[in-house]
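Visitor: My structure is below; once you've seen it, I'll send some questions.
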Amino acid sequence: MISFTKMHGLGNDYIYIYDYHQSKENVSSLAKKISHRRYGVGADGIVLINPIQTKLAKWEMQIYNADGSIAETCGNALRCVGKYLWDRKLAPLAPISVATLAGIITMETTDTTLPVNKIKVQMGIPSFLASSVANNQQQETIEQPISFQGIDSPLQVSFASMGNPHTITFVKDLQSYPVTTYGPIIEKDPIFIKKTNVAFIEIINEQHIKQRTWERGSGETWACGSAACAAVAVGIRTKKLISPVRVSLTGGDLTITWNGKDSISKEGSATEVFQGRLTA
């Protein structure tokens with residue numbers, strides 16, 4: 001049997017398994033099976049939290065999307081990892097560092113008693129290098145028209161990396177925009193090295209945006225923390241936004257803070273839903 005915990009960050013839900021060591025192929029198969037919304041537990045994927053012993057971090061986070069593919073990082077999952085470790089007293093109520101495929105991430109909670117709820121994550125320095133997202137020789141792609149196979153007209157997009165790839169486009173009416181049509185087309189376009197997350201952004205004012213995200217390997221999710229960071233970074237870079245920025249997602253709000261040069265921070269909630277055991 002495999003013990004697990006279902007958690008979500010603003011509706012971006014994953015199945016968390018502690019100290020579980022299997023081959024990538026086995027974990028990928030498990031992710032596809034138990035992430036299914038009808039035949040499994042139901043989630044955007046699974047997250048492994050494994051203790052490690054290095055000078056920089058005592059835990060590592062491994063993410064497998066609902067389709068079994070591997071993700072470098074996830075801002076919402078990181079908050080849940082922090083809550084998992086703090087609530088179970090596996091870590092003291094102090095800043096902790098977690099190793100991801102995108103690098104070492106640090107986080108802290110402003111709560112002084114358990115269970116914790118509000119968590120602030122240092123997500124690293126955004127990169128605007130096109131080469132970190134797409135097969136593109138340009139130094140940067142910031143608000144440039146790009147043609148995608150299956151979409152009639154070019155879209156104004158920007159590329160940004162938070163250790164994982166993001167494509168950002170600003171729209172006028174987010175609610176009516178064809179996110180579920182354009183999202184999978186852009187995600188899988190041949191221009192991208194390892195596919196891409198796609199964030200559709202509507203600006204409410206210079207410190208408030210609304211966002212819908214099509215996540216590679218998972219489809220449209222209720223929240224995506226790294227995409228929120230990438231979107232705000234692009235908005236600040238293009239002088240559309242000023243920090244801090246409230247990002248309203250389907251599942252709730254995040255606060256993103258960035259000074260334009262150092263690590264970008266993301267603050268929001270993390271929620272435990274239930275615990276269970278997989279019998280097969």
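Ordering of the structure tokens sets the chain letters (A, B, ...); residue numbers start at 1 within each chain; ligands are numbered from 1 in the order shown.
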Can you pull out every residue within 12 Å of Gln175 (chain A), counting only C-alpha atoms, but drop anything in the same chain fewer than 4 positions away, and send it as an MDAnalysis selection string?

Guide: chainID A and resid 171 179:180 200:202 210:212 249:250

Visitor: Skipping near chain neighbours, those fewer than 3 positions away, what residues fall within 10 Å of Ile209 (chain A) using only C-alpha atoms, listed as a tab-separated table (two decimals) with C-alpha atoms, in the first residue's frame?

Guide:
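Written output follows (out01.tsv):
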chain	number	residue	atom	x	y	z
A	170	PHE	CA	-2.34	39.55	-22.64
A	201	ILE	CA	-3.70	37.48	-18.72
A	202	GLU	CA	-6.28	40.25	-18.38
A	203	ILE	CA	-5.02	43.45	-16.72
A	204	ILE	CA	-7.49	44.95	-14.25
A	205	ASN	CA	-5.09	47.69	-13.14
A	206	GLU	CA	-1.33	48.05	-12.69
A	228	ALA	CA	1.73	33.85	-12.16
A	231	ALA	CA	3.25	36.77	-16.07
A	232	VAL	CA	3.95	39.42	-13.45
A	235	GLY	CA	4.14	42.77	-16.95
A	241	LEU	CA	2.44	46.39	-13.90
A	245	VAL	CA	0.69	42.44	-7.94
A	246	ARG	CA	-2.47	40.61	-6.98
A	247	VAL	CA	-3.03	37.70	-9.34
A	248	SER	CA	-6.62	36.43	-9.39
A	249	LEU	CA	-6.79	32.81	-10.53
A	253	ASP	CA	-5.51	34.99	-5.27

Visitor: Run DSSP on the backbone and give me the residues of region 148-194 of chain A it puts in helix (DSSP H, G or I), as a list in words.

Guide: Val179, Thr180, Thr181, Tyr182, Gly183, Pro184, Ile185, Ile186 and Glu187 of chain A

Visitor: Per DSSP on the backbone, what are the strand (DSSP E or B) residues of region 38-221 of chain A, as JSON, numbers by chain?

Guide: {"A": [45, 46, 47, 48, 49, 50, 51, 59, 60, 61, 62, 63, 64, 65, 70, 71, 96, 97, 98, 99, 100, 103, 104, 105, 106, 107, 108, 109, 118, 119, 120, 121, 122, 127, 129, 134, 140, 144, 145, 146, 155, 156, 157, 158, 159, 160, 161, 165, 166, 167, 168, 169, 170, 192, 197, 198, 199, 200, 201, 202, 203, 204, 205, 208, 209, 210, 211, 212, 213, 214, 215, 219, 220, 221]}

Visitor: When you look at Ser3 (chain A) with a cut-off of 8 Å (counting only C-alpha atoms), what residues show up, excluding the ones that are within fewer than 4 positions of it in the same chain? I need them as a list in words.

Guide: Ile17, Gln275, Gly276, Arg277 and Leu278 of chain A

Visitor: Quick one: residues within 7 Å of region 76-84 of chain A, only C-alpha atoms, excluding same-chain residues fewer than 6 positions away - as a list in words?

Guide: Met7, His8, Gly9, Asn12, Val116, Ile119, Cys224, Gly225 and Ala270 of chain A

Visitor: Next, dump the selected residues to file, keeping only N, CA, C and O atoms, as a PDB file, in the first residue's frame.

Guide:
ATOM      1  N   MET A   7      -3.647  17.429  -1.478  1.00  0.00           N
ATOM      2  CA  MET A   7      -3.510  18.829  -1.096  1.00  0.00           C
ATOM      3  C   MET A   7      -3.728  19.703  -2.332  1.00  0.00           C
ATOM      4  O   MET A   7      -3.585  19.229  -3.467  1.00  0.00           O
ATOM      5  N   HIS A   8      -4.049  20.968  -2.084  1.00  0.00           N
ATOM      6  CA  HIS A   8      -4.150  21.895  -3.213  1.00  0.00           C
ATOM      7  C   HIS A   8      -3.684  23.283  -2.817  1.00  0.00           C
ATOM      8  O   HIS A   8      -3.773  23.696  -1.659  1.00  0.00           O
ATOM      9  N   GLY A   9      -3.167  23.995  -3.814  1.00  0.00           N
ATOM     10  CA  GLY A   9      -2.851  25.406  -3.677  1.00  0.00           C
ATOM     11  C   GLY A   9      -3.774  26.169  -4.603  1.00  0.00           C
ATOM     12  O   GLY A   9      -3.596  26.130  -5.829  1.00  0.00           O
ATOM     13  N   ASN A  12      -5.155  24.065  -7.452  1.00  0.00           N
ATOM     14  CA  ASN A  12      -4.142  23.320  -8.211  1.00  0.00           C
ATOM     15  C   ASN A  12      -3.773  22.114  -7.353  1.00  0.00           C
ATOM     16  O   ASN A  12      -2.953  22.208  -6.452  1.00  0.00           O
ATOM     17  N   VAL A 116      -0.121  25.446   9.458  1.00  0.00           N
ATOM     18  CA  VAL A 116       0.202  26.679   8.740  1.00  0.00           C
ATOM     19  C   VAL A 116      -0.741  26.828   7.551  1.00  0.00           C
ATOM     20  O   VAL A 116      -1.307  25.853   7.053  1.00  0.00           O
ATOM     21  N   ILE A 119       1.968  30.908   3.055  1.00  0.00           N
ATOM     22  CA  ILE A 119       3.347  30.529   2.764  1.00  0.00           C
ATOM     23  C   ILE A 119       3.900  31.428   1.665  1.00  0.00           C
ATOM     24  O   ILE A 119       3.238  31.690   0.661  1.00  0.00           O
ATOM     25  N   CYS A 224      -1.723  28.375 -11.166  1.00  0.00           N
ATOM     26  CA  CYS A 224      -0.347  28.005 -11.507  1.00  0.00           C
ATOM     27  C   CYS A 224       0.557  29.099 -10.974  1.00  0.00           C
ATOM     28  O   CYS A 224       0.581  30.214 -11.508  1.00  0.00           O
ATOM     29  N   GLY A 225       1.290  28.782  -9.906  1.00  0.00           N
ATOM     30  CA  GLY A 225       2.113  29.782  -9.239  1.00  0.00           C
ATOM     31  C   GLY A 225       3.292  30.260 -10.055  1.00  0.00           C
ATOM     32  O   GLY A 225       3.594  31.467 -10.093  1.00  0.00           O
ATOM     33  N   ALA A 270      -2.115  27.191   1.253  1.00  0.00           N
ATOM     34  CA  ALA A 270      -1.996  25.774   0.924  1.00  0.00           C
ATOM     35  C   ALA A 270      -2.998  25.027   1.800  1.00  0.00           C
ATOM     36  O   ALA A 270      -3.154  25.348   2.976  1.00  0.00           O
TER      37      ALA A 270
END

Visitor: When you draw a straight line from CA of Met61 (chain A) to CA of Ile49 (chain A), how long is it in Å?

Guide: 5.0 Å

Visitor: To one decimal place in Å, what is the distance between CA of Tyr64 (chain A) and CA of Tyr14 (chain A)?

Guide: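 CA of Tyr64 (chain A) sits 9.3 Å away from CA of Tyr14 (chain A).
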